[in-house]
Amino acid sequence: MTEDDVEEAVRRLIKDMQLKGFHVWKQHARRASRGFPDWVIAGPGGVLFRELKNQSEEPSDEQQEWLAVLTWGGADAAVWRPSDVLSGRVARELQTLLRPR
């Protein structure tokens, strides 16, 4: 499973769960703030910031800085990998957005 496969799984789950998701397209990423997470996903239960990576790739320094700053500020920010799709972690975390706080 590749990063693109993770991307497709995330898109499908967001649509199926009727959540709102914003993704910075690769061709626009150079205009965005360097390292900002790939996805911002929102629902009645909150907001997730997620960086997508293949199984062995590590986030860049800029990506790690964004994830750290978001987390320090109280946001739910993390990395999703193919194993997270296969284990059901992605679906479970998205489901938390369905329940109002």
# chains A, B, ... in the order shown; residues from 1 in each chain; ligands from 1
call {"tool": "residues_around", "arguments": {"residues": "Arg34 of chain A", "least_positions_apart": "6", "cutoff": "12 Å", "atoms": "only C-alpha atoms", "output": "VMD selection string"}}
result
chain A and resid 24 26 28 59 to 67
call {"tool": "closest_residue", "arguments": {"among": "A:Arg101, A:Ala68, A:Asp84, A:Leu52", "to": "Asp4 of chain A", "atoms": "only C-alpha atoms"}}
result
A:Leu52
call {"tool": "closest_atom_pairs", "arguments": {"of": "segment 16-92 of chain A", "to": "segment 8-11 of chain A", "cutoff": "12 Å", "atoms": "only C-alpha atoms", "output": "tab-separated table"}}
result
residue	atom	partner	partner_atom	distance
A:Asp16	CA	A:Arg11	CA	8.6
A:Met17	CA	A:Arg11	CA	10.0
A:Gln18	CA	A:Arg11	CA	10.5
A:Leu19	CA	A:Arg11	CA	9.9
A:Lys20	CA	A:Arg11	CA	10.0
A:Gly21	CA	A:Arg11	CA	8.1
A:Phe22	CA	A:Arg11	CA	9.9
A:His23	CA	A:Arg11	CA	9.4
A:Asp38	CA	A:Val10	CA	11.0
A:Trp39	CA	A:Val10	CA	9.2
A:Val40	CA	A:Val10	CA	11.2
A:Ile41	CA	A:Val10	CA	9.8
A:Arg50	CA	A:Val10	CA	10.1
A:Glu51	CA	A:Val10	CA	11.2
A:Leu52	CA	A:Val10	CA	9.4
A:Trp80	CA	A:Val10	CA	9.5
A:Arg81	CA	A:Val10	CA	10.7
A:Pro82	CA	A:Ala9	CA	9.4
A:Ser83	CA	A:Ala9	CA	11.9
A:Asp84	CA	A:Ala9	CA	10.6
A:Val85	CA	A:Ala9	CA	7.3
A:Leu86	CA	A:Ala9	CA	9.9
A:Gly88	CA	A:Ala9	CA	10.9
A:Arg89	CA	A:Val10	CA	11.2
A:Val90	CA	A:Val10	CA	7.5
A:Ala91	CA	A:Val10	CA	8.3
A:Arg92	CA	A:Val10	CA	11.7
call {"tool": "atom_distance", "arguments": {"atom1": "atom CA of Pro37 of chain A", "atom2": "atom CA of Leu70 of chain A"}}
result
9.8 Å
